[in-house]
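The block underneath contains the structure these notes are about, expressed in C-alpha coordinates.
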Amino acid sequence: QIFAGKSIVVTGTLKRYGRQEIEALIEERGGKAASSVSKKTAFVVAGEKAGSKLTKAQELGIQVLTEEEFEELLRQTES
(Lines give C-alpha, C1' and ligand atoms only; values in the text may rest on other atoms or scores of the structure.)
Protein backbone atom coordinates (compact mmCIF):
# COMPACT_ATOMS: atom_id res chain seq x y z
CA GLN A 1 0.00 0.00 0.00
CA ILE A 2 1.56 3.20 -1.20
CA PHE A 3 0.06 5.31 1.60
CA ALA A 4 0.76 2.80 4.40
CA GLY A 5 1.66 4.58 7.61
CA LYS A 6 1.81 7.99 5.95
CA SER A 7 0.07 11.12 7.14
CA ILE A 8 -1.55 13.01 4.27
CA VAL A 9 -3.25 16.40 4.40
CA VAL A 10 -5.89 17.50 1.89
CA THR A 11 -6.41 21.23 1.46
CA GLY A 12 -8.27 23.54 -0.88
CA THR A 13 -11.18 22.77 -3.17
CA LEU A 14 -10.89 19.63 -5.25
CA LYS A 15 -12.64 19.23 -8.62
CA ARG A 16 -13.31 15.49 -8.65
CA TYR A 17 -13.55 14.52 -4.99
CA GLY A 18 -15.37 15.60 -1.88
CA ARG A 19 -13.20 15.89 1.21
CA GLN A 20 -14.67 12.79 2.88
CA GLU A 21 -14.31 10.79 -0.32
CA ILE A 22 -10.61 11.57 -0.78
CA GLU A 23 -9.88 10.96 2.91
CA ALA A 24 -11.62 7.56 2.62
CA LEU A 25 -9.44 6.71 -0.39
CA ILE A 26 -6.33 7.55 1.64
CA GLU A 27 -7.43 5.47 4.62
CA GLU A 28 -8.49 2.50 2.45
CA ARG A 29 -4.91 2.38 1.21
CA GLY A 30 -3.35 2.42 4.67
CA GLY A 31 -2.74 6.15 5.09
CA LYS A 32 -3.94 8.60 7.69
CA ALA A 33 -5.91 11.65 6.59
CA ALA A 34 -4.60 14.42 8.83
CA SER A 35 -6.18 17.80 9.42
CA SER A 36 -3.01 19.81 9.96
CA VAL A 37 0.46 19.97 8.44
CA SER A 38 3.46 18.98 10.56
CA LYS A 39 6.97 17.63 10.06
CA LYS A 40 5.42 14.15 10.08
CA THR A 41 3.21 14.90 7.06
CA ALA A 42 4.25 12.75 4.07
CA PHE A 43 2.61 15.00 1.51
CA VAL A 44 -0.19 17.47 0.92
CA VAL A 45 -2.85 17.19 -1.78
CA ALA A 46 -3.67 20.78 -2.73
CA GLY A 47 -6.72 21.90 -4.66
CA GLU A 48 -7.83 25.38 -5.65
CA LYS A 49 -7.74 28.09 -3.00
CA ALA A 50 -5.37 26.12 -0.79
CA GLY A 51 -4.33 28.51 1.95
CA SER A 52 -2.25 28.31 5.09
CA LYS A 53 -1.80 24.52 4.99
CA LEU A 54 -0.16 24.81 1.57
CA THR A 55 2.06 27.63 2.79
CA LYS A 56 3.13 25.63 5.85
CA ALA A 57 3.87 22.56 3.71
CA GLN A 58 6.08 24.65 1.44
CA GLU A 59 7.89 26.16 4.44
CA LEU A 60 8.58 22.67 5.82
CA GLY A 61 9.69 21.32 2.44
CA ILE A 62 6.85 18.79 2.28
CA GLN A 63 5.92 17.44 -1.14
CA VAL A 64 2.75 19.01 -2.55
CA LEU A 65 0.65 17.07 -5.05
CA THR A 66 -2.03 18.37 -7.36
CA GLU A 67 -5.29 16.47 -7.57
CA GLU A 68 -4.10 14.98 -10.88
CA GLU A 69 -0.82 13.78 -9.35
CA PHE A 70 -2.75 12.22 -6.48
CA GLU A 71 -5.00 10.40 -8.97
CA GLU A 72 -1.90 9.04 -10.70
CA LEU A 73 -0.75 7.58 -7.36
CA LEU A 74 -4.17 6.01 -6.94
CA ARG A 75 -3.92 4.42 -10.39
CA GLN A 76 -0.51 2.99 -9.47
CA THR A 77 -1.98 1.31 -6.40
CA GLU A 78 -4.72 -0.30 -8.49
CA SER A 79 -2.45 -1.83 -11.13
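In the C-alpha coordinates, chains take the letters A, B, ... in the order shown, each chain's residues start at 1, and ligands count up from 1 in the order shown.
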
What are the DSSP strand (DSSP E or B) residues of range 1-77 of chain A, as a PDB file with N, CA, C and O atoms, in the first residue's frame?
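For reference, part-v7.pdb as written:
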```pdb
ATOM      1  N   SER A   7       1.035  10.085   6.792  1.00  0.00           N
ATOM      2  CA  SER A   7       0.071  11.122   7.142  1.00  0.00           C
ATOM      3  C   SER A   7      -0.065  12.060   5.943  1.00  0.00           C
ATOM      4  O   SER A   7       0.933  12.606   5.460  1.00  0.00           O
ATOM      5  N   ILE A   8      -1.294  12.227   5.478  1.00  0.00           N
ATOM      6  CA  ILE A   8      -1.550  13.007   4.271  1.00  0.00           C
ATOM      7  C   ILE A   8      -2.601  14.067   4.578  1.00  0.00           C
ATOM      8  O   ILE A   8      -3.633  13.773   5.180  1.00  0.00           O
ATOM      9  N   VAL A   9      -2.332  15.290   4.163  1.00  0.00           N
ATOM     10  CA  VAL A   9      -3.251  16.403   4.398  1.00  0.00           C
ATOM     11  C   VAL A   9      -3.866  16.816   3.066  1.00  0.00           C
ATOM     12  O   VAL A   9      -3.170  16.932   2.053  1.00  0.00           O
ATOM     13  N   VAL A  10      -5.170  17.023   3.074  1.00  0.00           N
ATOM     14  CA  VAL A  10      -5.886  17.505   1.891  1.00  0.00           C
ATOM     15  C   VAL A  10      -6.338  18.933   2.183  1.00  0.00           C
ATOM     16  O   VAL A  10      -6.916  19.205   3.232  1.00  0.00           O
ATOM     17  N   THR A  11      -6.045  19.839   1.249  1.00  0.00           N
ATOM     18  CA  THR A  11      -6.412  21.232   1.461  1.00  0.00           C
ATOM     19  C   THR A  11      -6.917  21.853   0.166  1.00  0.00           C
ATOM     20  O   THR A  11      -6.573  21.397  -0.920  1.00  0.00           O
ATOM     21  N   THR A  13      -9.987  23.322  -2.531  1.00  0.00           N
ATOM     22  CA  THR A  13     -11.177  22.775  -3.173  1.00  0.00           C
ATOM     23  C   THR A  13     -10.756  21.844  -4.297  1.00  0.00           C
ATOM     24  O   THR A  13     -10.023  22.244  -5.193  1.00  0.00           O
ATOM     25  N   LYS A  32      -3.169   7.867   6.696  1.00  0.00           N
ATOM     26  CA  LYS A  32      -3.935   8.599   7.694  1.00  0.00           C
ATOM     27  C   LYS A  32      -4.236   9.982   7.127  1.00  0.00           C
ATOM     28  O   LYS A  32      -3.320  10.712   6.749  1.00  0.00           O
ATOM     29  N   ALA A  33      -5.506  10.325   7.050  1.00  0.00           N
ATOM     30  CA  ALA A  33      -5.908  11.653   6.586  1.00  0.00           C
ATOM     31  C   ALA A  33      -5.810  12.605   7.775  1.00  0.00           C
ATOM     32  O   ALA A  33      -6.569  12.498   8.726  1.00  0.00           O
ATOM     33  N   ALA A  34      -4.835  13.490   7.731  1.00  0.00           N
ATOM     34  CA  ALA A  34      -4.599  14.417   8.834  1.00  0.00           C
ATOM     35  C   ALA A  34      -5.243  15.769   8.538  1.00  0.00           C
ATOM     36  O   ALA A  34      -5.456  16.135   7.385  1.00  0.00           O
ATOM     37  N   THR A  41       4.059  15.009   8.238  1.00  0.00           N
ATOM     38  CA  THR A  41       3.207  14.902   7.059  1.00  0.00           C
ATOM     39  C   THR A  41       4.028  14.381   5.886  1.00  0.00           C
ATOM     40  O   THR A  41       5.093  14.923   5.581  1.00  0.00           O
ATOM     41  N   ALA A  42       3.539  13.324   5.230  1.00  0.00           N
ATOM     42  CA  ALA A  42       4.245  12.749   4.073  1.00  0.00           C
ATOM     43  C   ALA A  42       4.088  13.646   2.851  1.00  0.00           C
ATOM     44  O   ALA A  42       5.054  13.931   2.156  1.00  0.00           O
ATOM     45  N   PHE A  43       2.860  14.042   2.584  1.00  0.00           N
ATOM     46  CA  PHE A  43       2.611  14.995   1.509  1.00  0.00           C
ATOM     47  C   PHE A  43       1.243  15.637   1.663  1.00  0.00           C
ATOM     48  O   PHE A  43       0.418  15.201   2.458  1.00  0.00           O
ATOM     49  N   VAL A  44       1.051  16.708   0.895  1.00  0.00           N
ATOM     50  CA  VAL A  44      -0.191  17.472   0.918  1.00  0.00           C
ATOM     51  C   VAL A  44      -0.810  17.404  -0.473  1.00  0.00           C
ATOM     52  O   VAL A  44      -0.115  17.574  -1.475  1.00  0.00           O
ATOM     53  N   VAL A  45      -2.104  17.122  -0.524  1.00  0.00           N
ATOM     54  CA  VAL A  45      -2.851  17.190  -1.778  1.00  0.00           C
ATOM     55  C   VAL A  45      -3.544  18.549  -1.776  1.00  0.00           C
ATOM     56  O   VAL A  45      -4.362  18.831  -0.900  1.00  0.00           O
ATOM     57  N   ALA A  46      -3.180  19.401  -2.722  1.00  0.00           N
ATOM     58  CA  ALA A  46      -3.675  20.775  -2.729  1.00  0.00           C
ATOM     59  C   ALA A  46      -4.571  21.042  -3.922  1.00  0.00           C
ATOM     60  O   ALA A  46      -4.180  20.837  -5.073  1.00  0.00           O
ATOM     61  N   GLU A  48      -7.714  23.934  -5.473  1.00  0.00           N
ATOM     62  CA  GLU A  48      -7.831  25.378  -5.653  1.00  0.00           C
ATOM     63  C   GLU A  48      -8.057  26.058  -4.312  1.00  0.00           C
ATOM     64  O   GLU A  48      -8.671  25.492  -3.411  1.00  0.00           O
ATOM     65  N   GLN A  63       6.367  17.588   0.236  1.00  0.00           N
ATOM     66  CA  GLN A  63       5.918  17.442  -1.139  1.00  0.00           C
ATOM     67  C   GLN A  63       4.442  17.802  -1.260  1.00  0.00           C
ATOM     68  O   GLN A  63       3.617  17.365  -0.470  1.00  0.00           O
ATOM     69  N   VAL A  64       4.121  18.605  -2.279  1.00  0.00           N
ATOM     70  CA  VAL A  64       2.750  19.014  -2.548  1.00  0.00           C
ATOM     71  C   VAL A  64       2.328  18.398  -3.873  1.00  0.00           C
ATOM     72  O   VAL A  64       3.028  18.521  -4.877  1.00  0.00           O
ATOM     73  N   LEU A  65       1.187  17.702  -3.852  1.00  0.00           N
ATOM     74  CA  LEU A  65       0.649  17.072  -5.054  1.00  0.00           C
ATOM     75  C   LEU A  65      -0.604  17.792  -5.512  1.00  0.00           C
ATOM     76  O   LEU A  65      -1.415  18.221  -4.696  1.00  0.00           O
TER      77      LEU A  65
END
```

Discussion item. Taking 4 positions as the minimum chain separation for residues in the same chain, which residues sit within 7 Å of Lys56 in chain A when counting only C-alpha atoms? Answer as a VMD selection string.
Written reply: chain A and resid 37 52 60

Residues from the last selection, N, CA and C atoms, saved as a short mmCIF file (atom, residue, chain, number, x, y, z; two decimals), in the first residue's frame:
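Output file out.cif is given in full below:
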```
data_model
loop_
_atom_site.label_atom_id
_atom_site.label_comp_id
_atom_site.auth_asym_id
_atom_site.auth_seq_id
_atom_site.Cartn_x
_atom_site.Cartn_y
_atom_site.Cartn_z
N VAL A 37 -0.87 20.26 8.98
CA VAL A 37 0.46 19.97 8.44
C VAL A 37 1.49 20.02 9.55
N SER A 52 -3.34 28.39 4.14
CA SER A 52 -2.25 28.31 5.09
C SER A 52 -1.62 26.93 5.18
N LEU A 60 7.95 23.86 5.23
CA LEU A 60 8.58 22.67 5.82
C LEU A 60 9.23 21.77 4.78
#
```

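Every residue of range 4-55 of chain A found in alpha helix (DSSP H) when DSSP is run on the backbone appears here: A:Arg19, A:Gln20, A:Glu21, A:Ile22, A:Glu23, A:Ala24, A:Leu25, A:Ile26, A:Glu27, A:Glu28, A:Ser52, A:Lys53, A:Leu54, A:Thr55.
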
Worksheet item: For Glu28 in chain A, which residue among A:Ala57, A:Glu69, A:Gly5, A:Gly47 is the nearest when counting only C-alpha atoms?
Response: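 Going through A:Ala57, A:Glu69, A:Gly5, A:Gly47 one by one, the smallest distance to Glu28 in chain A is for A:Gly5.
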
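Proximity to Lys6 in chain A was assessed for A:Glu72, A:Arg19, A:Ala24, A:Lys40 counting only C-alpha atoms; the smallest distance is recorded for A:Lys40.
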
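With distances restricted to only C-alpha atoms, A:Glu67 is the closest residue to Leu14 in chain A from A:Gly30, A:Glu67, A:Glu59, A:Gly51.
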
Item to complete: Compile the contact shell of Thr77 in chain A as a PyMOL selection string: residues with an atom at most 7 Å away, counting only C-alpha atoms, same-chain residues fewer than 3 positions apart removed.
Response: chain A and resi 1-2+73-74

Can you write out the residues you just picked, keeping N, CA and C atoms, as a short mmCIF file (atom, residue, chain, number, x, y, z; two decimals), in the first residue's frame?
```cif
data_model
loop_
_atom_site.label_atom_id
_atom_site.label_comp_id
_atom_site.auth_asym_id
_atom_site.auth_seq_id
_atom_site.Cartn_x
_atom_site.Cartn_y
_atom_site.Cartn_z
N GLN A 1 0.85 -1.19 0.00
CA GLN A 1 0.00 0.00 0.00
C GLN A 1 0.88 1.24 0.00
N ILE A 2 0.68 2.04 -1.00
CA ILE A 2 1.56 3.20 -1.20
C ILE A 2 1.42 4.25 -0.10
N LEU A 73 -1.15 8.50 -8.44
CA LEU A 73 -0.75 7.58 -7.36
C LEU A 73 -1.82 6.54 -7.11
N LEU A 74 -3.08 6.95 -7.13
CA LEU A 74 -4.17 6.01 -6.94
C LEU A 74 -4.17 4.94 -8.04
#
```

Worksheet item: By how many Å are CA of Arg29 in chain A and CA of Glu78 in chain A apart?
Response: 10.1 Å
